[in-house]
Amino acid sequence: MATVVLLRSKYRLVGTNIGTLPTSLQQNETLGLPHLYMPEQLRLGEKQGWFSLDAQLNMETVDSCRCLVFEDLWNQGFYITDGSKFGGDFLVYTGDPIQYHAKHIVIVVEDDPNRPARQLVAWSRLARASHK
């Protein structure tokens with residue numbers, strides 16, 4: 001538990017609760033420890049020297065572009081969580097997600113001058129509908 005608090009408070013790494021609580025084994029709405037961390041979070045923590053991983057992350061499974069975007073947002077002081085629930089790659093918070101609402105949905109894509117305008121409109125509508 002102390003490690004989870006340290007990762008969250010000192011390093012702004014917020015994991016997703018995936019464990020069931022002893023009193024609510026059948027409840028999916030109320031989850032607890034352990035936490036699941038995104039590969040980008042693990043890569044940043046290893047790069048910064050906060051911890052070392054027992055198993056090497058397979059770089060092929062961790063998109064380097066996503067890692068660069070994650071690290072840039074983290075360096076700007078944001079909290080970043082998984083954005084798949086809202087159709088994005090990351091959710092970006094100005095403070096701890098317990099106290100703040102996500103301000104942005106980040107979708108990491110390669111530069112494509114031929115990207116259809118309707119794709120940009122769809123992403124914009126998604127963000128607007130979810131108040132991000």
# chains A, B, ... in the order shown; residues from 1 in each chain; ligands from 1

call {"tool": "select_by_dssp", "arguments": {"residues": "chain A", "states": "strand (DSSP E or B)", "output": "PyMOL selection string"}}
result
chain A and resi 13+16-21+24+31-36+79-82+90-93+104-106

call {"tool": "select_by_dssp", "arguments": {"residues": "stretch 34-119 of chain A", "states": "helix (DSSP H, G or I)", "output": "VMD selection string"}}
result
chain A and resid 39 to 48 64 to 75 84 to 86 117 to 119

call {"tool": "closest_atom_pairs", "arguments": {"of": "stretch 1-104 of chain A", "to": "stretch 120-126 of chain A", "cutoff": "9 Å", "atoms": "only C-alpha atoms", "output": "tab-separated table"}}
result
residue	atom	partner	partner_atom	distance
A:Phe86	CA	A:Leu126	CA	7.8
A:Gly87	CA	A:Leu126	CA	7.6
A:Gly88	CA	A:Trp123	CA	8.8

call {"tool": "write_last_selection", "arguments": {"atoms": "N, CA and C atoms", "output": "JSON list (two decimals), in the first residue's frame"}}
result
[["chain", "number", "residue", "atom", "x", "y", "z"],
["A", 86, "PHE", "N", -12.86, 6.29, -22.65],
["A", 86, "PHE", "CA", -13.44, 7.43, -23.36],
["A", 86, "PHE", "C", -13.00, 7.48, -24.83],
["A", 87, "GLY", "N", -12.44, 6.40, -25.34],
["A", 87, "GLY", "CA", -12.07, 6.34, -26.75],
["A", 87, "GLY", "C", -10.74, 6.96, -27.08],
["A", 88, "GLY", "N", -9.90, 7.21, -26.09],
["A", 88, "GLY", "CA", -8.59, 7.80, -26.34],
["A", 88, "GLY", "C", -7.48, 6.94, -25.81]]

call {"tool": "residues_around", "arguments": {"residues": "A:Val106", "least_positions_apart": "4", "cutoff": "12 Å", "atoms": "only C-alpha atoms", "output": "PDB file with all heavy atoms, in the first residue's frame"}}
result
ATOM      1  N   ARG A  66       3.667   6.678 -28.164  1.00  0.00           N
ATOM      2  CA  ARG A  66       2.849   6.827 -26.952  1.00  0.00           C
ATOM      3  C   ARG A  66       3.731   7.138 -25.747  1.00  0.00           C
ATOM      4  O   ARG A  66       3.361   7.954 -24.906  1.00  0.00           O
ATOM      5  CB  ARG A  66       2.042   5.557 -26.696  1.00  0.00           C
ATOM      6  CG  ARG A  66       0.832   5.393 -27.590  1.00  0.00           C
ATOM      7  CD  ARG A  66       0.138   4.068 -27.335  1.00  0.00           C
ATOM      8  NE  ARG A  66      -0.142   3.831 -25.942  1.00  0.00           N
ATOM      9  CZ  ARG A  66      -1.352   3.875 -25.383  1.00  0.00           C
ATOM     10  NH1 ARG A  66      -2.397   4.134 -26.117  1.00  0.00           N
ATOM     11  NH2 ARG A  66      -1.507   3.636 -24.100  1.00  0.00           N
ATOM     12  N   VAL A  69       4.796  10.817 -25.921  1.00  0.00           N
ATOM     13  CA  VAL A  69       3.677  11.700 -25.574  1.00  0.00           C
ATOM     14  C   VAL A  69       3.420  11.641 -24.073  1.00  0.00           C
ATOM     15  O   VAL A  69       3.259  12.675 -23.411  1.00  0.00           O
ATOM     16  CB  VAL A  69       2.405  11.326 -26.365  1.00  0.00           C
ATOM     17  CG1 VAL A  69       1.189  12.061 -25.836  1.00  0.00           C
ATOM     18  CG2 VAL A  69       2.605  11.615 -27.847  1.00  0.00           C
ATOM     19  N   PHE A  70       3.398  10.435 -23.511  1.00  0.00           N
ATOM     20  CA  PHE A  70       3.176  10.277 -22.077  1.00  0.00           C
ATOM     21  C   PHE A  70       4.243  11.033 -21.288  1.00  0.00           C
ATOM     22  O   PHE A  70       3.935  11.794 -20.373  1.00  0.00           O
ATOM     23  CB  PHE A  70       3.196   8.795 -21.696  1.00  0.00           C
ATOM     24  CG  PHE A  70       2.927   8.564 -20.241  1.00  0.00           C
ATOM     25  CD1 PHE A  70       1.636   8.363 -19.794  1.00  0.00           C
ATOM     26  CD2 PHE A  70       3.956   8.566 -19.313  1.00  0.00           C
ATOM     27  CE1 PHE A  70       1.364   8.166 -18.448  1.00  0.00           C
ATOM     28  CE2 PHE A  70       3.703   8.382 -17.969  1.00  0.00           C
ATOM     29  CZ  PHE A  70       2.413   8.180 -17.527  1.00  0.00           C
ATOM     30  N   LEU A  73       3.792  14.874 -21.484  1.00  0.00           N
ATOM     31  CA  LEU A  73       2.701  15.339 -20.633  1.00  0.00           C
ATOM     32  C   LEU A  73       3.088  15.254 -19.159  1.00  0.00           C
ATOM     33  O   LEU A  73       2.792  16.163 -18.370  1.00  0.00           O
ATOM     34  CB  LEU A  73       1.431  14.516 -20.890  1.00  0.00           C
ATOM     35  CG  LEU A  73       0.774  14.725 -22.253  1.00  0.00           C
ATOM     36  CD1 LEU A  73      -0.278  13.655 -22.505  1.00  0.00           C
ATOM     37  CD2 LEU A  73       0.174  16.117 -22.351  1.00  0.00           C
ATOM     38  N   ILE A  80      -1.665  11.458 -15.617  1.00  0.00           N
ATOM     39  CA  ILE A  80      -2.148  10.810 -16.841  1.00  0.00           C
ATOM     40  C   ILE A  80      -2.657   9.418 -16.502  1.00  0.00           C
ATOM     41  O   ILE A  80      -1.975   8.660 -15.813  1.00  0.00           O
ATOM     42  CB  ILE A  80      -1.013  10.700 -17.884  1.00  0.00           C
ATOM     43  CG1 ILE A  80      -0.388  12.078 -18.137  1.00  0.00           C
ATOM     44  CG2 ILE A  80      -1.531  10.129 -19.194  1.00  0.00           C
ATOM     45  CD1 ILE A  80       1.082  12.084 -18.065  1.00  0.00           C
ATOM     46  N   THR A  81      -3.858   9.100 -16.980  1.00  0.00           N
ATOM     47  CA  THR A  81      -4.420   7.768 -16.785  1.00  0.00           C
ATOM     48  C   THR A  81      -4.832   7.195 -18.141  1.00  0.00           C
ATOM     49  O   THR A  81      -4.821   7.897 -19.155  1.00  0.00           O
ATOM     50  CB  THR A  81      -5.650   7.793 -15.843  1.00  0.00           C
ATOM     51  OG1 THR A  81      -6.682   8.569 -16.450  1.00  0.00           O
ATOM     52  CG2 THR A  81      -5.297   8.363 -14.484  1.00  0.00           C
ATOM     53  N   ASP A  82      -5.227   5.939 -18.125  1.00  0.00           N
ATOM     54  CA  ASP A  82      -5.673   5.262 -19.345  1.00  0.00           C
ATOM     55  C   ASP A  82      -6.949   5.925 -19.877  1.00  0.00           C
ATOM     56  O   ASP A  82      -7.865   6.207 -19.110  1.00  0.00           O
ATOM     57  CB  ASP A  82      -5.935   3.789 -19.042  1.00  0.00           C
ATOM     58  CG  ASP A  82      -6.388   3.035 -20.263  1.00  0.00           C
ATOM     59  OD1 ASP A  82      -5.681   3.068 -21.278  1.00  0.00           O
ATOM     60  OD2 ASP A  82      -7.463   2.422 -20.204  1.00  0.00           O
ATOM     61  N   GLY A  83      -6.995   6.175 -21.167  1.00  0.00           N
ATOM     62  CA  GLY A  83      -8.142   6.861 -21.756  1.00  0.00           C
ATOM     63  C   GLY A  83      -9.063   5.980 -22.567  1.00  0.00           C
ATOM     64  O   GLY A  83      -9.984   6.472 -23.219  1.00  0.00           O
ATOM     65  N   SER A  84      -8.846   4.656 -22.531  1.00  0.00           N
ATOM     66  CA  SER A  84      -9.629   3.766 -23.397  1.00  0.00           C
ATOM     67  C   SER A  84     -11.122   3.799 -23.072  1.00  0.00           C
ATOM     68  O   SER A  84     -11.949   3.588 -23.958  1.00  0.00           O
ATOM     69  CB  SER A  84      -9.099   2.334 -23.311  1.00  0.00           C
ATOM     70  OG  SER A  84      -9.167   1.852 -21.987  1.00  0.00           O
ATOM     71  N   PHE A  86     -12.861   6.292 -22.651  1.00  0.00           N
ATOM     72  CA  PHE A  86     -13.439   7.432 -23.363  1.00  0.00           C
ATOM     73  C   PHE A  86     -13.003   7.479 -24.825  1.00  0.00           C
ATOM     74  O   PHE A  86     -13.130   8.506 -25.485  1.00  0.00           O
ATOM     75  CB  PHE A  86     -13.061   8.742 -22.661  1.00  0.00           C
ATOM     76  CG  PHE A  86     -13.708   8.899 -21.322  1.00  0.00           C
ATOM     77  CD1 PHE A  86     -13.048   8.518 -20.172  1.00  0.00           C
ATOM     78  CD2 PHE A  86     -14.992   9.404 -21.207  1.00  0.00           C
ATOM     79  CE1 PHE A  86     -13.635   8.649 -18.928  1.00  0.00           C
ATOM     80  CE2 PHE A  86     -15.597   9.534 -19.980  1.00  0.00           C
ATOM     81  CZ  PHE A  86     -14.915   9.153 -18.840  1.00  0.00           C
ATOM     82  N   GLY A  87     -12.439   6.400 -25.338  1.00  0.00           N
ATOM     83  CA  GLY A  87     -12.074   6.337 -26.747  1.00  0.00           C
ATOM     84  C   GLY A  87     -10.736   6.959 -27.083  1.00  0.00           C
ATOM     85  O   GLY A  87     -10.442   7.221 -28.245  1.00  0.00           O
ATOM     86  N   GLY A  88      -9.902   7.211 -26.087  1.00  0.00           N
ATOM     87  CA  GLY A  88      -8.595   7.804 -26.342  1.00  0.00           C
ATOM     88  C   GLY A  88      -7.482   6.936 -25.808  1.00  0.00           C
ATOM     89  O   GLY A  88      -7.706   5.822 -25.326  1.00  0.00           O
ATOM     90  N   ASP A  89      -6.273   7.454 -25.896  1.00  0.00           N
ATOM     91  CA  ASP A  89      -5.119   6.747 -25.356  1.00  0.00           C
ATOM     92  C   ASP A  89      -4.880   7.135 -23.894  1.00  0.00           C
ATOM     93  O   ASP A  89      -4.550   6.286 -23.076  1.00  0.00           O
ATOM     94  CB  ASP A  89      -3.870   7.057 -26.186  1.00  0.00           C
ATOM     95  CG  ASP A  89      -3.953   6.461 -27.578  1.00  0.00           C
ATOM     96  OD1 ASP A  89      -4.231   5.251 -27.680  1.00  0.00           O
ATOM     97  OD2 ASP A  89      -3.758   7.199 -28.555  1.00  0.00           O
ATOM     98  N   PHE A  90      -5.021   8.428 -23.598  1.00  0.00           N
ATOM     99  CA  PHE A  90      -4.781   8.918 -22.246  1.00  0.00           C
ATOM    100  C   PHE A  90      -5.859   9.917 -21.845  1.00  0.00           C
ATOM    101  O   PHE A  90      -6.423  10.597 -22.704  1.00  0.00           O
ATOM    102  CB  PHE A  90      -3.430   9.643 -22.148  1.00  0.00           C
ATOM    103  CG  PHE A  90      -2.252   8.839 -22.609  1.00  0.00           C
ATOM    104  CD1 PHE A  90      -1.476   9.278 -23.669  1.00  0.00           C
ATOM    105  CD2 PHE A  90      -1.901   7.659 -21.987  1.00  0.00           C
ATOM    106  CE1 PHE A  90      -0.377   8.552 -24.099  1.00  0.00           C
ATOM    107  CE2 PHE A  90      -0.807   6.920 -22.413  1.00  0.00           C
ATOM    108  CZ  PHE A  90      -0.043   7.368 -23.468  1.00  0.00           C
ATOM    109  N   LEU A  91      -6.090  10.021 -20.540  1.00  0.00           N
ATOM    110  CA  LEU A  91      -6.850  11.116 -19.956  1.00  0.00           C
ATOM    111  C   LEU A  91      -5.845  11.968 -19.193  1.00  0.00           C
ATOM    112  O   LEU A  91      -4.987  11.434 -18.495  1.00  0.00           O
ATOM    113  CB  LEU A  91      -7.927  10.612 -18.998  1.00  0.00           C
ATOM    114  CG  LEU A  91      -9.061   9.813 -19.606  1.00  0.00           C
ATOM    115  CD1 LEU A  91     -10.024   9.353 -18.511  1.00  0.00           C
ATOM    116  CD2 LEU A  91      -9.807  10.625 -20.647  1.00  0.00           C
ATOM    117  N   VAL A  92      -5.941  13.285 -19.317  1.00  0.00           N
ATOM    118  CA  VAL A  92      -4.979  14.195 -18.717  1.00  0.00           C
ATOM    119  C   VAL A  92      -5.676  15.043 -17.659  1.00  0.00           C
ATOM    120  O   VAL A  92      -6.723  15.646 -17.920  1.00  0.00           O
ATOM    121  CB  VAL A  92      -4.339  15.100 -19.803  1.00  0.00           C
ATOM    122  CG1 VAL A  92      -3.367  16.081 -19.182  1.00  0.00           C
ATOM    123  CG2 VAL A  92      -3.651  14.248 -20.853  1.00  0.00           C
ATOM    124  N   TYR A  93      -5.069  15.071 -16.475  1.00  0.00           N
ATOM    125  CA  TYR A  93      -5.619  15.802 -15.325  1.00  0.00           C
ATOM    126  C   TYR A  93      -4.623  16.861 -14.879  1.00  0.00           C
ATOM    127  O   TYR A  93      -3.416  16.630 -14.895  1.00  0.00           O
ATOM    128  CB  TYR A  93      -5.836  14.851 -14.142  1.00  0.00           C
ATOM    129  CG  TYR A  93      -6.800  13.723 -14.397  1.00  0.00           C
ATOM    130  CD1 TYR A  93      -6.400  12.593 -15.098  1.00  0.00           C
ATOM    131  CD2 TYR A  93      -8.099  13.770 -13.917  1.00  0.00           C
ATOM    132  CE1 TYR A  93      -7.283  11.538 -15.328  1.00  0.00           C
ATOM    133  CE2 TYR A  93      -8.983  12.726 -14.134  1.00  0.00           C
ATOM    134  CZ  TYR A  93      -8.564  11.617 -14.840  1.00  0.00           C
ATOM    135  OH  TYR A  93      -9.427  10.576 -15.054  1.00  0.00           O
ATOM    136  N   ALA A 102     -10.824  15.066 -15.499  1.00  0.00           N
ATOM    137  CA  ALA A 102      -9.910  15.079 -16.645  1.00  0.00           C
ATOM    138  C   ALA A 102     -10.237  16.260 -17.554  1.00  0.00           C
ATOM    139  O   ALA A 102     -11.396  16.537 -17.846  1.00  0.00           O
ATOM    140  CB  ALA A 102     -10.009  13.777 -17.423  1.00  0.00           C
ATOM    141  N   TRP A 123     -13.374  12.818 -33.449  1.00  0.00           N
ATOM    142  CA  TRP A 123     -12.613  12.918 -32.199  1.00  0.00           C
ATOM    143  C   TRP A 123     -13.046  14.138 -31.392  1.00  0.00           C
ATOM    144  O   TRP A 123     -13.171  14.073 -30.179  1.00  0.00           O
ATOM    145  CB  TRP A 123     -11.123  13.002 -32.493  1.00  0.00           C
ATOM    146  CG  TRP A 123     -10.523  11.709 -32.961  1.00  0.00           C
ATOM    147  CD1 TRP A 123     -10.963  10.440 -32.693  1.00  0.00           C
ATOM    148  CD2 TRP A 123      -9.376  11.559 -33.782  1.00  0.00           C
ATOM    149  NE1 TRP A 123     -10.157   9.514 -33.293  1.00  0.00           N
ATOM    150  CE2 TRP A 123      -9.159  10.170 -33.973  1.00  0.00           C
ATOM    151  CE3 TRP A 123      -8.501  12.453 -34.384  1.00  0.00           C
ATOM    152  CZ2 TRP A 123      -8.113   9.665 -34.714  1.00  0.00           C
ATOM    153  CZ3 TRP A 123      -7.453  11.945 -35.135  1.00  0.00           C
ATOM    154  CH2 TRP A 123      -7.267  10.570 -35.294  1.00  0.00           C
ATOM    155  N   SER A 124     -13.276  15.240 -32.083  1.00  0.00           N
ATOM    156  CA  SER A 124     -13.724  16.454 -31.404  1.00  0.00           C
ATOM    157  C   SER A 124     -15.090  16.263 -30.755  1.00  0.00           C
ATOM    158  O   SER A 124     -15.320  16.680 -29.618  1.00  0.00           O
ATOM    159  CB  SER A 124     -13.766  17.609 -32.408  1.00  0.00           C
ATOM    160  OG  SER A 124     -14.216  18.768 -31.794  1.00  0.00           O
ATOM    161  N   LEU A 126     -16.373  13.418 -29.768  1.00  0.00           N
ATOM    162  CA  LEU A 126     -16.165  12.507 -28.653  1.00  0.00           C
ATOM    163  C   LEU A 126     -15.700  13.272 -27.408  1.00  0.00           C
ATOM    164  O   LEU A 126     -16.241  13.081 -26.312  1.00  0.00           O
ATOM    165  CB  LEU A 126     -15.134  11.439 -29.034  1.00  0.00           C
ATOM    166  CG  LEU A 126     -14.667  10.519 -27.921  1.00  0.00           C
ATOM    167  CD1 LEU A 126     -15.783   9.580 -27.498  1.00  0.00           C
ATOM    168  CD2 LEU A 126     -13.448   9.745 -28.364  1.00  0.00           C
ATOM    169  N   ALA A 127     -14.730  14.141 -27.592  1.00  0.00           N
ATOM    170  CA  ALA A 127     -14.211  14.925 -26.464  1.00  0.00           C
ATOM    171  C   ALA A 127     -15.281  15.859 -25.917  1.00  0.00           C
ATOM    172  O   ALA A 127     -15.446  16.002 -24.703  1.00  0.00           O
ATOM    173  CB  ALA A 127     -12.990  15.720 -26.910  1.00  0.00           C
ATOM    174  N   LYS A 132     -14.458  16.849 -22.177  1.00  0.00           N
ATOM    175  CA  LYS A 132     -12.991  16.874 -22.061  1.00  0.00           C
ATOM    176  C   LYS A 132     -12.419  17.879 -23.039  1.00  0.00           C
ATOM    177  O   LYS A 132     -12.902  18.115 -24.080  1.00  0.00           O
ATOM    178  CB  LYS A 132     -12.385  15.487 -22.353  1.00  0.00           C
ATOM    179  CG  LYS A 132     -13.022  14.356 -21.590  1.00  0.00           C
ATOM    180  CD  LYS A 132     -12.418  14.216 -20.229  1.00  0.00           C
ATOM    181  CE  LYS A 132     -12.962  13.028 -19.482  1.00  0.00           C
ATOM    182  NZ  LYS A 132     -14.072  13.302 -18.624  1.00  0.00           N
TER     183      LYS A 132
END

call {"tool": "residues_around", "arguments": {"residues": "stretch 41-49 of chain A", "least_positions_apart": "2", "cutoff": "12 Å", "atoms": "only C-alpha atoms", "output": "tab-separated table (two decimals) with C-alpha atoms, in the first residue's frame"}}
result
chain	number	residue	atom	x	y	z
A	7	LEU	CA	3.91	6.29	-6.80
A	8	ARG	CA	0.78	8.44	-6.79
A	10	LYS	CA	5.53	11.71	-5.43
A	11	TYR	CA	5.68	10.51	-9.04
A	12	ARG	CA	2.10	11.16	-10.27
A	13	LEU	CA	1.70	7.54	-11.47
A	14	VAL	CA	-1.91	6.48	-11.04
A	15	GLY	CA	-2.74	2.81	-11.42
A	16	THR	CA	-6.10	1.22	-12.11
A	36	LEU	CA	-2.50	-2.19	-12.98
A	37	TYR	CA	-0.09	0.33	-14.49
A	38	MET	CA	0.15	1.28	-18.15
A	39	PRO	CA	3.32	0.24	-20.03
A	51	PHE	CA	12.25	1.27	-9.79
A	52	SER	CA	13.53	-1.57	-11.94
A	53	LEU	CA	11.31	-4.12	-13.55
A	54	ASP	CA	11.85	-7.82	-12.99
A	55	ALA	CA	10.64	-8.57	-16.51
A	56	GLN	CA	11.81	-6.51	-19.45
A	57	LEU	CA	9.05	-4.67	-21.26
A	58	ASN	CA	8.94	-5.75	-24.85
A	59	MET	CA	9.53	-2.50	-26.74
A	61	THR	CA	4.42	-3.96	-27.44
A	62	VAL	CA	5.01	-0.45	-26.10
A	63	ASP	CA	4.49	2.13	-28.84
A	64	SER	CA	7.44	4.53	-28.65
A	66	ARG	CA	2.85	6.83	-26.95
A	67	CYS	CA	5.80	6.75	-24.54
A	68	LEU	CA	7.10	10.07	-25.87
A	69	VAL	CA	3.68	11.70	-25.57
A	70	PHE	CA	3.18	10.28	-22.08
A	71	GLU	CA	6.60	11.49	-20.92
A	72	ASP	CA	6.05	14.97	-22.40
A	73	LEU	CA	2.70	15.34	-20.63
A	74	TRP	CA	4.18	14.01	-17.39
A	75	ASN	CA	7.10	16.49	-17.64
A	79	TYR	CA	-1.44	13.30	-14.05
A	80	ILE	CA	-2.15	10.81	-16.84
A	81	THR	CA	-4.42	7.77	-16.79
A	82	ASP	CA	-5.67	5.26	-19.34
A	90	PHE	CA	-4.78	8.92	-22.25

call {"tool": "closest_residue", "arguments": {"among": "A:Gln119, A:Arg128, A:Trp50, A:Gly19", "to": "A:Ile105", "atoms": "only C-alpha atoms"}}
result
A:Arg128
